Number of protein chains: 4
Amino acid sequence: MDRCAEPGLPANDRFARALRDVYEQCLPSVEGAVADYIPELAAADPEPFGVAMATSTGQITTYGDVDREFTIQSISKAFNYCLALELLGREEVQSFVGAEPSGDAFNAIVFDPQTERPFNPMVNAGAITVCGLLRRALGEQALDFVLDRYSRAAGRPLRICEPAYRSEVATGHRNRAIGHLLVNVGAALEPIDPTLDLYFQLCSVLVNAADLARMGATLANIGENPCGGDSVFEITAVRDTLSVMFTCGMYDYSGNWALDVGIPAKSGVGGGVVGVVNRQLGIGTFSPRLDAKGNSVRGVRAFQCLSSEFGLHAFDFTNYGSQFVNDVLLKAPR
Amino acid sequence: MDRCAEPGLPANDRFARALRDVYEQCLPSVEGAVADYIPELAAADPEPFGVAMATSTGQITTYGDVDREFTIQSISKAFNYCLALELLGREEVQSFVGAEPSGDAFNAIVFDPQTERPFNPMVNAGAITVCGLLRRALGEQALDFVLDRYSRAAGRPLRICEPAYRSEVATGHRNRAIGHLLVNVGAALEPIDPTLDLYFQLCSVLVNAADLARMGATLANIGENPCGGDSVFEITAVRDTLSVMFTCGMYDYSGNWALDVGIPAKSGVGGGVVGVVNRQLGIGTFSPRLDAKGNSVRGVRAFQCLSSEFGLHAFDFTNYGSQFVNDVLLKAPR
Amino acid sequence: MDRCAEPGLPANDRFARALRDVYEQCLPSVEGAVADYIPELAAADPEPFGVAMATSTGQITTYGDVDREFTIQSISKAFNYCLALELLGREEVQSFVGAEPSGDAFNAIVFDPQTERPFNPMVNAGAITVCGLLRRALGEQALDFVLDRYSRAAGRPLRICEPAYRSEVATGHRNRAIGHLLVNVGAALEPIDPTLDLYFQLCSVLVNAADLARMGATLANIGENPCGGDSVFEITAVRDTLSVMFTCGMYDYSGNWALDVGIPAKSGVGGGVVGVVNRQLGIGTFSPRLDAKGNSVRGVRAFQCLSSEFGLHAFDFTNYGSQFVNDVLLKAPR
Amino acid sequence: MDRCAEPGLPANDRFARALRDVYEQCLPSVEGAVADYIPELAAADPEPFGVAMATSTGQITTYGDVDREFTIQSISKAFNYCLALELLGREEVQSFVGAEPSGDAFNAIVFDPQTERPFNPMVNAGAITVCGLLRRALGEQALDFVLDRYSRAAGRPLRICEPAYRSEVATGHRNRAIGHLLVNVGAALEPIDPTLDLYFQLCSVLVNAADLARMGATLANIGENPCGGDSVFEITAVRDTLSVMFTCGMYDYSGNWALDVGIPAKSGVGGGVVGVVNRQLGIGTFSPRLDAKGNSVRGVRAFQCLSSEFGLHAFDFTNYGSQFVNDVLLKAPR
């Protein structure tokens, strides 16, 4: 089997069978509803379903509608945070946005009472703050820079869905309010409009499930795209990003996800979910029907199945922890 | 080197050196203050400091005041949750207490607005709910049962500090309020006093840093005490417990801890912290001075050093994820 | 027409006609539902409806079911506050309970963040605090003392509904929680159980609509029962009580009530409402069906009609303000 | 003594003496600090102090710095609400903004959870909503229309302080955030900027203490300027406005103000307070040092003295309630 195979070609029989099983288990679910806060999302076909897994060794296995494009939405928050950490360093980023789960909904207008900063970069307030930091570091080049990184992680050029972007701009009153509040507390700089624009643009990037799997695999592979070895993300930023994805990535379902699935992940209201099994796998799913917390119903189900099937949970007994400890300390003296 | 060595005897030179280095780095810190909400805590000597690491292979390495006893306090919450999961099953437990970090302080009187249940078992409301479940499952035997499990995990018989317990009973108005609220929302049953008693008793168990390391190692070793192989905790309950410790274990610092240290852990206002590196290590620290969030200042610092020194972070590049995936899927076809 | 006439005998034709009109206007409404949190309330006949007005000159006019008894419930809060002000003075009372409307529901567990005290004496937390103050001032005699004052205001001996009281004791988990919290913040003293008992007992006093009108008239008449001149309440305590009834008396509908009705009032979930037109009238209504905020539907409607019909709103153009200003300052020089 | 006398000329000896006494009692207080959120306020001279009373019979009595101009700030909220009620009717206005005190600070970002509307028109969110309604009713003419009404109430042409206005525009991030949130919940229409502009402009109107007294007297006189009889405000809108001033006018001190002073009033961070004794008096004070709740320290003190001295409290025993009741019902049969 070749590395960096095309989507659709089973990289490995066991993976392929597992993906097909998961797909078939989850397909019958028609629970949930497509997001409806902008016309572009409300008009989405609710039926497509795709699952893709890409390994840190460069193989990809897919099933279902993995070429169907959708807007990345909040999944962008994870990658943007990773880039801000690289560009400004953790200390600087942390002085503007925390890393604390808050139990609040993604669009809550609530800041950490101790710091007057957004709780974490996965809620809108924190994500807009991160876009402000990217603008500060990159100026007018911010969009191109970030889009280039997304594209290199996905292994193909990605682009923005203009109607979705314009719709976000036209209807994003709550995010606009958050933006002005961030200026008010000093977490963002004036003018806030270019920062909000960047945020809306990055939410409107079109991806498919295979892209998400490859982007996830790039994070899994300590920031290097497994196909070709392009170094896309900085290694320590990746670790921090995975940590925050684990505690905050699935909106106010994150804690239950950590318990049940145990994979750093991020979902978006466009119907996508990306998951990252450290050093091993990127997983992407797409199905637009969302549950009440804003997560793709079939996506959540698919991750539950895959985690259970392959022992992917970070604290499963199959996860032996630090290789360093194993090699140097535990195994040696036995 | 012998397995199941006595504390104080270095199990491994590298461990021993590392522990000594960490101890010496952290000792000078005199930041923070001892807890003062009950006289027993307020009167504690602030100076002791001990660090202990126990491996899943049965070795223990210690440095400093690792025999000094203190009350386990909130660290009990993690073990109680593990036992409730074993006794009642996850589904039943989850119908009474969530697994969602809330960003609130440990004694916040706030329930998940969707479920009217405590957010998670690591805040007081959730921990009292768990004690109610233990009472329901075990009746009058609850205290003995739980204390026996703690003791088997620690490898020595543990006992309650009566003055601390009586002091908690006398002054625990806020917890008593929480108890009555739990009855009100249906998360606990009447009478609430025996449940609160059990909660206060389990908070008052005396442990030392070496005990915590061994109790942590028992969790790390999928529930089996590495010294002697006594099966103390149920394997799936352990996984769930580690997940919740990771997202909620360090009060409203949990998210930053996940970012920075990346080890499932639980702290108590008695000055202890227990950490669990899955399949590898239990770590126990003791130093009574607490920061504003209620975590031991030197304890937090010691864990930061150890995590960094040994690559213990769950999402560090040294953690290769699922052994199953490595063995069956990734390595095979290369 | 005689003063201090028996209920049912029209004191004044215009009053009598107005009451009958209001009664007939409001009777058809069957909106709302009886309170159901204790069996005694849930089993109440929803149909009775009575309206009573007592003047500060000692006349009473009634219509409908004005002899039908029901539990006074939260209406007791207003009179208890008045008595605490008399016994301890405003400054002392204010150091334990504020006078600020909070917009929260009556059973909210929320304290003024600046003072850590209950927002006002009309929410449960504040009312329990007031009962604690009454216990502190009066000890074991508190119940008899307060019941005597209620009775003298009503002009007949009132008594407690034992089943309602016992039911409150058995099911009042939320109020019990509030009690323990009050101890925790220092707004109430241990033991809290006798204070809660007093609170539950005073909520369980049986009154009828005519009683409420007379109790209101006693407040209107600067604390003196207009029939017989018994001095029941202290004059400055009355003013403070009316002020707090105006801003906080109708749960989280108080502001709209102030706008629409403009009469200091207090409602209870037993279906009663008492209103006080300063120096002029006490008004009592009874109809058990409650709206979502906990106020009697027909009671609210009846007060709207009466306020409009007689120009009773405190800021209506028919209210000329301070007689002193009129007499001494405004009229003199004209 | 002449009606409509010039400020500074004592209308009545008793008034004049009282005002002088109050002035002298309150002058020594140097507690509090000038508002500092915009440079124009921060640079204000903290020392001036003026007190003015205007009767509904057209007399005015003043003492101290009653000609000194300052920005009206939040006092505008009361008058704007009165105009919105006139232009759109109570029902329409109430469908956009409640009348419920909330216990929150003036700039709180919190809506009534039941209605998703601002709690009341005296918090910023509600006041901006009201400005949106004025814009909707009056379009581009809104500012001129409102300014004309203010001027006719004050009896002289008022104008905007341009630097204060521009400063508000430049720094009003929190209010801008509130504006976008109002659009989001449907309480305000796009574009929000003209509405915010109107809000900022009306906050920047320059008044002095004598103006406030006359504006208050116009409200007291059921909307008619006592000097000349110009009908400025609509009579039922006045009643509603006084009600809301009583329950919500002094920020989160409103309940204590109702208890202690008992006069419908509104304060602004420019240092002004306007009070209205129904049918009798308008009172204006000016002193820029504010307490922690945002109310003028000397202003609050002056109102306490005046209320006590003249029995102005709405529920004082000197207030006999409805004249109609007195004339028709109570006095007749005695």
# chains A, B, ... in the order shown; residues from 1 in each chain; ligands from 1

$ closest_atom_pairs --of "chain B" --to "chain A" --cutoff "6 Å" --atoms "only C-alpha atoms" --output "CSV"
residue,atom,partner,partner_atom,distance
B:Ala99,CA,A:Gly255,CA,5.3
B:Glu100,CA,A:Gly255,CA,4.1
B:Pro101,CA,A:Gly103,CA,5.7
B:Ser102,CA,A:Gly103,CA,4.1
B:Gly103,CA,A:Ser102,CA,4.1
B:Arg239,CA,A:Phe315,CA,5.5
B:Asp240,CA,A:Leu259,CA,5.5
B:Ser243,CA,A:Leu259,CA,5.2
B:Thr247,CA,A:Thr247,CA,5.6
B:Gly255,CA,A:Glu100,CA,4.1
B:Asn256,CA,A:Ala99,CA,5.4
B:Ala258,CA,A:Ser243,CA,6.0
B:Leu259,CA,A:Ser243,CA,5.2
B:Asn278,CA,A:Gly321,CA,5.7
B:Arg279,CA,A:Tyr320,CA,5.2
B:Leu312,CA,A:Ser322,CA,5.6
B:Phe315,CA,A:Arg239,CA,5.5
B:Asp316,CA,A:Arg239,CA,5.9
B:Thr318,CA,A:Ser322,CA,5.2
B:Asn319,CA,A:Ser322,CA,4.4
B:Tyr320,CA,A:Arg279,CA,5.2
B:Gly321,CA,A:Asn319,CA,5.2
B:Ser322,CA,A:Asn319,CA,4.5
B:Gln323,CA,A:Thr318,CA,5.3

$ residues_around --residues "A:Ala265" --least-positions-apart "4" --cutoff "6 Å" --atoms "only C-alpha atoms" --output "list in words"
Met245, Gly249, Val274 and Gly275 of chain A

$ write_last_selection --atoms "all heavy atoms" --output "PDB file, in the first residue's frame"
ATOM      1  N   MET A 245      -8.055  21.747  22.701  1.00  0.00           N
ATOM      2  CA  MET A 245      -9.095  21.007  21.991  1.00  0.00           C
ATOM      3  C   MET A 245      -9.701  19.942  22.904  1.00  0.00           C
ATOM      4  O   MET A 245     -10.906  19.712  22.896  1.00  0.00           O
ATOM      5  CB  MET A 245      -8.527  20.353  20.721  1.00  0.00           C
ATOM      6  CG  MET A 245      -8.185  21.342  19.614  1.00  0.00           C
ATOM      7  SD  MET A 245      -7.193  20.582  18.285  1.00  0.00           S
ATOM      8  CE  MET A 245      -8.456  19.637  17.417  1.00  0.00           C
ATOM      9  N   GLY A 249     -12.934  21.773  23.106  1.00  0.00           N
ATOM     10  CA  GLY A 249     -13.154  21.782  21.666  1.00  0.00           C
ATOM     11  C   GLY A 249     -14.576  21.511  21.198  1.00  0.00           C
ATOM     12  O   GLY A 249     -14.934  21.853  20.084  1.00  0.00           O
ATOM     13  N   VAL A 274     -13.128  17.692  13.440  1.00  0.00           N
ATOM     14  CA  VAL A 274     -11.776  17.180  13.255  1.00  0.00           C
ATOM     15  C   VAL A 274     -11.302  16.616  14.580  1.00  0.00           C
ATOM     16  O   VAL A 274     -11.567  17.185  15.640  1.00  0.00           O
ATOM     17  CB  VAL A 274     -10.807  18.279  12.752  1.00  0.00           C
ATOM     18  CG1 VAL A 274     -10.562  19.354  13.807  1.00  0.00           C
ATOM     19  CG2 VAL A 274      -9.476  17.657  12.324  1.00  0.00           C
ATOM     20  N   GLY A 275     -10.639  15.466  14.543  1.00  0.00           N
ATOM     21  CA  GLY A 275     -10.077  14.866  15.748  1.00  0.00           C
ATOM     22  C   GLY A 275      -8.618  14.537  15.513  1.00  0.00           C
ATOM     23  O   GLY A 275      -8.202  14.296  14.374  1.00  0.00           O
TER      24      GLY A 275
END

$ atom_distance --atom1 "atom CA of A:Thr195" --atom2 "atom CA of D:His173"
14.9 Å

$ atom_distance --atom1 "atom CA of B:Ala142" --atom2 "atom CA of B:Leu198"
7.7 Å

$ atom_distance --atom1 "atom CA of A:Leu138" --atom2 "atom CA of A:Gly229"
24.7 Å

$ select_by_dssp --residues "stretch 111-318 of chain C" --states "alpha helix (DSSP H)" --output "JSON, numbers by chain"
{"C": [124, 125, 126, 127, 128, 129, 130, 131, 132, 133, 134, 135, 136, 137, 138, 142, 143, 144, 145, 146, 147, 148, 149, 150, 151, 152, 153, 154, 162, 163, 164, 165, 166, 167, 168, 169, 170, 171, 173, 174, 175, 176, 177, 178, 179, 180, 181, 182, 183, 184, 185, 193, 194, 195, 196, 197, 198, 199, 200, 201, 202, 203, 209, 210, 211, 212, 213, 214, 215, 216, 217, 218, 219, 220, 235, 236, 237, 238, 239, 240, 241, 242, 243, 244, 245, 246, 247, 248, 254, 255, 256, 257, 258, 259, 260, 297, 298, 299, 300, 301, 302, 303, 304, 305, 306, 307, 308, 309, 310]}

$ select_by_dssp --residues "stretch 155-318 of chain A" --states "strand (DSSP E)" --output "ChimeraX atom specification"
/A:206-207,265-267,272-277,281-286

$ write_last_selection --atoms "all heavy atoms" --output "compact mmCIF listing (two decimals), in the first residue's frame"
# COMPACT_ATOMS: atom_id res chain seq x y z
N LEU A 206 -13.83 26.77 2.89
CA LEU A 206 -14.47 25.52 2.47
C LEU A 206 -13.51 24.34 2.62
O LEU A 206 -12.38 24.39 2.14
CB LEU A 206 -14.91 25.63 1.00
CG LEU A 206 -16.12 26.54 0.77
CD1 LEU A 206 -16.26 26.88 -0.71
CD2 LEU A 206 -17.39 25.88 1.30
N VAL A 207 -13.97 23.32 3.29
CA VAL A 207 -13.19 22.09 3.45
C VAL A 207 -14.10 20.89 3.20
O VAL A 207 -15.32 21.04 3.14
CB VAL A 207 -12.60 21.95 4.89
CG1 VAL A 207 -11.51 22.99 5.15
CG2 VAL A 207 -13.70 22.04 5.93
N ALA A 265 -10.39 17.37 19.79
CA ALA A 265 -11.25 17.53 18.63
C ALA A 265 -11.83 18.92 18.60
O ALA A 265 -11.79 19.66 19.59
CB ALA A 265 -12.38 16.50 18.65
N LYS A 266 -12.34 19.30 17.45
CA LYS A 266 -13.05 20.57 17.32
C LYS A 266 -14.16 20.39 16.30
O LYS A 266 -13.95 19.80 15.25
CB LYS A 266 -12.09 21.68 16.85
CG LYS A 266 -12.72 23.06 16.82
CD LYS A 266 -12.88 23.62 18.21
CE LYS A 266 -14.00 24.66 18.31
NZ LYS A 266 -15.34 24.07 18.41
N SER A 267 -15.32 20.91 16.65
CA SER A 267 -16.45 20.81 15.73
C SER A 267 -16.84 22.19 15.23
O SER A 267 -16.46 23.21 15.81
CB SER A 267 -17.63 20.15 16.42
OG SER A 267 -18.12 21.00 17.41
N GLY A 272 -18.84 19.80 10.33
CA GLY A 272 -17.58 19.07 10.39
C GLY A 272 -17.09 18.86 11.81
O GLY A 272 -17.44 19.60 12.73
N VAL A 273 -16.30 17.79 11.96
CA VAL A 273 -15.54 17.57 13.21
C VAL A 273 -14.15 17.11 12.81
O VAL A 273 -14.01 16.26 11.93
CB VAL A 273 -16.18 16.50 14.11
CG1 VAL A 273 -15.40 16.34 15.41
CG2 VAL A 273 -17.64 16.80 14.41
N VAL A 274 -13.13 17.69 13.44
CA VAL A 274 -11.78 17.18 13.25
C VAL A 274 -11.30 16.62 14.58
O VAL A 274 -11.57 17.18 15.64
CB VAL A 274 -10.81 18.28 12.75
CG1 VAL A 274 -10.56 19.35 13.81
CG2 VAL A 274 -9.48 17.66 12.32
N GLY A 275 -10.64 15.47 14.54
CA GLY A 275 -10.08 14.87 15.75
C GLY A 275 -8.62 14.54 15.51
O GLY A 275 -8.20 14.30 14.37
N VAL A 276 -7.83 14.56 16.59
CA VAL A 276 -6.40 14.32 16.48
C VAL A 276 -5.96 13.31 17.54
O VAL A 276 -6.02 13.59 18.73
CB VAL A 276 -5.61 15.64 16.69
CG1 VAL A 276 -4.12 15.38 16.54
CG2 VAL A 276 -6.09 16.72 15.74
N VAL A 277 -5.53 12.14 17.08
CA VAL A 277 -4.93 11.19 18.00
C VAL A 277 -3.42 11.40 17.92
O VAL A 277 -2.81 11.15 16.88
CB VAL A 277 -5.30 9.73 17.65
CG1 VAL A 277 -4.70 8.78 18.67
CG2 VAL A 277 -6.80 9.59 17.59
N LEU A 281 -3.15 9.78 14.30
CA LEU A 281 -4.25 9.90 13.35
C LEU A 281 -4.87 11.29 13.32
O LEU A 281 -4.96 11.94 14.36
CB LEU A 281 -5.39 8.94 13.74
CG LEU A 281 -5.14 7.46 13.76
CD1 LEU A 281 -6.35 6.75 14.38
CD2 LEU A 281 -4.89 6.94 12.36
N GLY A 282 -5.30 11.67 12.15
CA GLY A 282 -6.26 12.75 12.00
C GLY A 282 -7.56 12.14 11.52
O GLY A 282 -7.56 11.25 10.66
N ILE A 283 -8.66 12.61 12.10
CA ILE A 283 -9.96 12.07 11.71
C ILE A 283 -10.85 13.23 11.33
O ILE A 283 -10.89 14.25 12.03
CB ILE A 283 -10.62 11.28 12.87
CG1 ILE A 283 -9.67 10.18 13.37
CG2 ILE A 283 -11.96 10.70 12.45
CD1 ILE A 283 -10.17 9.45 14.61
N GLY A 284 -11.54 13.11 10.20
CA GLY A 284 -12.48 14.15 9.80
C GLY A 284 -13.84 13.53 9.52
O GLY A 284 -13.93 12.48 8.90
N THR A 285 -14.89 14.19 10.03
CA THR A 285 -16.24 13.72 9.70
C THR A 285 -17.06 14.90 9.21
O THR A 285 -16.78 16.05 9.54
CB THR A 285 -16.96 13.09 10.91
OG1 THR A 285 -17.13 14.09 11.92
CG2 THR A 285 -16.19 11.91 11.48
N PHE A 286 -18.08 14.59 8.42
CA PHE A 286 -18.99 15.63 7.93
C PHE A 286 -20.41 15.08 7.89
O PHE A 286 -20.68 14.06 7.27
CB PHE A 286 -18.58 16.10 6.53
CG PHE A 286 -19.60 16.98 5.87
CD1 PHE A 286 -20.04 18.15 6.51
CD2 PHE A 286 -20.14 16.66 4.63
CE1 PHE A 286 -20.99 18.97 5.92
CE2 PHE A 286 -21.09 17.48 4.03
CZ PHE A 286 -21.52 18.62 4.68

$ residues_around --residues "D:Asn80" --least-positions-apart "3" --cutoff "8 Å" --atoms "only C-alpha atoms" --output "list in words"
Ser76, Lys77, Leu83, Ala84, Ala127, Val130, Cys131, Leu134 and Val146 of chain D

$ write_last_selection --atoms "all heavy atoms" --output "PDB file, in the first residue's frame"
ATOM      1  N   SER D  76     -30.652  61.927  31.007  1.00  0.00           N
ATOM      2  CA  SER D  76     -31.388  61.973  29.730  1.00  0.00           C
ATOM      3  C   SER D  76     -32.285  60.756  29.562  1.00  0.00           C
ATOM      4  O   SER D  76     -33.320  60.825  28.895  1.00  0.00           O
ATOM      5  CB  SER D  76     -30.394  62.055  28.562  1.00  0.00           C
ATOM      6  OG  SER D  76     -29.535  60.919  28.564  1.00  0.00           O
ATOM      7  N   LYS D  77     -31.887  59.633  30.175  1.00  0.00           N
ATOM      8  CA  LYS D  77     -32.641  58.392  29.974  1.00  0.00           C
ATOM      9  C   LYS D  77     -34.099  58.540  30.401  1.00  0.00           C
ATOM     10  O   LYS D  77     -35.003  57.978  29.772  1.00  0.00           O
ATOM     11  CB  LYS D  77     -32.004  57.247  30.786  1.00  0.00           C
ATOM     12  CG  LYS D  77     -30.630  56.830  30.276  1.00  0.00           C
ATOM     13  CD  LYS D  77     -29.961  55.857  31.263  1.00  0.00           C
ATOM     14  CE  LYS D  77     -28.590  55.440  30.743  1.00  0.00           C
ATOM     15  NZ  LYS D  77     -27.830  54.666  31.756  1.00  0.00           N
ATOM     16  N   LEU D  83     -40.515  60.549  26.316  1.00  0.00           N
ATOM     17  CA  LEU D  83     -40.847  60.920  24.933  1.00  0.00           C
ATOM     18  C   LEU D  83     -41.186  59.695  24.090  1.00  0.00           C
ATOM     19  O   LEU D  83     -42.095  59.734  23.252  1.00  0.00           O
ATOM     20  CB  LEU D  83     -39.689  61.707  24.319  1.00  0.00           C
ATOM     21  CG  LEU D  83     -39.455  63.077  24.971  1.00  0.00           C
ATOM     22  CD1 LEU D  83     -38.186  63.728  24.407  1.00  0.00           C
ATOM     23  CD2 LEU D  83     -40.661  64.001  24.767  1.00  0.00           C
ATOM     24  N   ALA D  84     -40.469  58.614  24.307  1.00  0.00           N
ATOM     25  CA  ALA D  84     -40.779  57.396  23.549  1.00  0.00           C
ATOM     26  C   ALA D  84     -42.181  56.903  23.887  1.00  0.00           C
ATOM     27  O   ALA D  84     -42.934  56.466  22.998  1.00  0.00           O
ATOM     28  CB  ALA D  84     -39.739  56.304  23.847  1.00  0.00           C
ATOM     29  N   ALA D 127     -31.729  52.153  27.634  1.00  0.00           N
ATOM     30  CA  ALA D 127     -31.699  53.538  27.163  1.00  0.00           C
ATOM     31  C   ALA D 127     -31.318  53.606  25.687  1.00  0.00           C
ATOM     32  O   ALA D 127     -31.836  54.431  24.932  1.00  0.00           O
ATOM     33  CB  ALA D 127     -30.723  54.352  28.006  1.00  0.00           C
ATOM     34  N   VAL D 130     -34.335  52.675  23.775  1.00  0.00           N
ATOM     35  CA  VAL D 130     -35.247  53.819  23.687  1.00  0.00           C
ATOM     36  C   VAL D 130     -34.785  54.795  22.606  1.00  0.00           C
ATOM     37  O   VAL D 130     -35.600  55.305  21.825  1.00  0.00           O
ATOM     38  CB  VAL D 130     -35.357  54.513  25.067  1.00  0.00           C
ATOM     39  CG1 VAL D 130     -36.000  55.892  24.938  1.00  0.00           C
ATOM     40  CG2 VAL D 130     -36.150  53.634  26.038  1.00  0.00           C
ATOM     41  N   CYS D 131     -33.487  55.028  22.525  1.00  0.00           N
ATOM     42  CA  CYS D 131     -32.993  55.922  21.466  1.00  0.00           C
ATOM     43  C   CYS D 131     -33.290  55.334  20.093  1.00  0.00           C
ATOM     44  O   CYS D 131     -33.587  56.072  19.143  1.00  0.00           O
ATOM     45  CB  CYS D 131     -31.495  56.187  21.639  1.00  0.00           C
ATOM     46  SG  CYS D 131     -31.170  57.323  23.008  1.00  0.00           S
ATOM     47  N   LEU D 134     -36.824  56.211  19.385  1.00  0.00           N
ATOM     48  CA  LEU D 134     -36.957  57.626  19.021  1.00  0.00           C
ATOM     49  C   LEU D 134     -36.516  57.847  17.572  1.00  0.00           C
ATOM     50  O   LEU D 134     -37.167  58.577  16.817  1.00  0.00           O
ATOM     51  CB  LEU D 134     -36.130  58.509  19.973  1.00  0.00           C
ATOM     52  CG  LEU D 134     -36.603  58.541  21.433  1.00  0.00           C
ATOM     53  CD1 LEU D 134     -35.615  59.313  22.309  1.00  0.00           C
ATOM     54  CD2 LEU D 134     -38.001  59.169  21.537  1.00  0.00           C
ATOM     55  N   VAL D 146     -35.895  65.978  20.408  1.00  0.00           N
ATOM     56  CA  VAL D 146     -35.665  65.701  21.827  1.00  0.00           C
ATOM     57  C   VAL D 146     -35.033  66.918  22.504  1.00  0.00           C
ATOM     58  O   VAL D 146     -35.430  67.318  23.604  1.00  0.00           O
ATOM     59  CB  VAL D 146     -34.780  64.452  22.006  1.00  0.00           C
ATOM     60  CG1 VAL D 146     -34.457  64.220  23.483  1.00  0.00           C
ATOM     61  CG2 VAL D 146     -35.472  63.229  21.414  1.00  0.00           C
TER      62      VAL D 146
END

$ closest_residue --among "D:Ser287, D:Asn107, D:Thr115, D:Gln25" --to "A:Asn184" --atoms "only C-alpha atoms"
D:Asn107
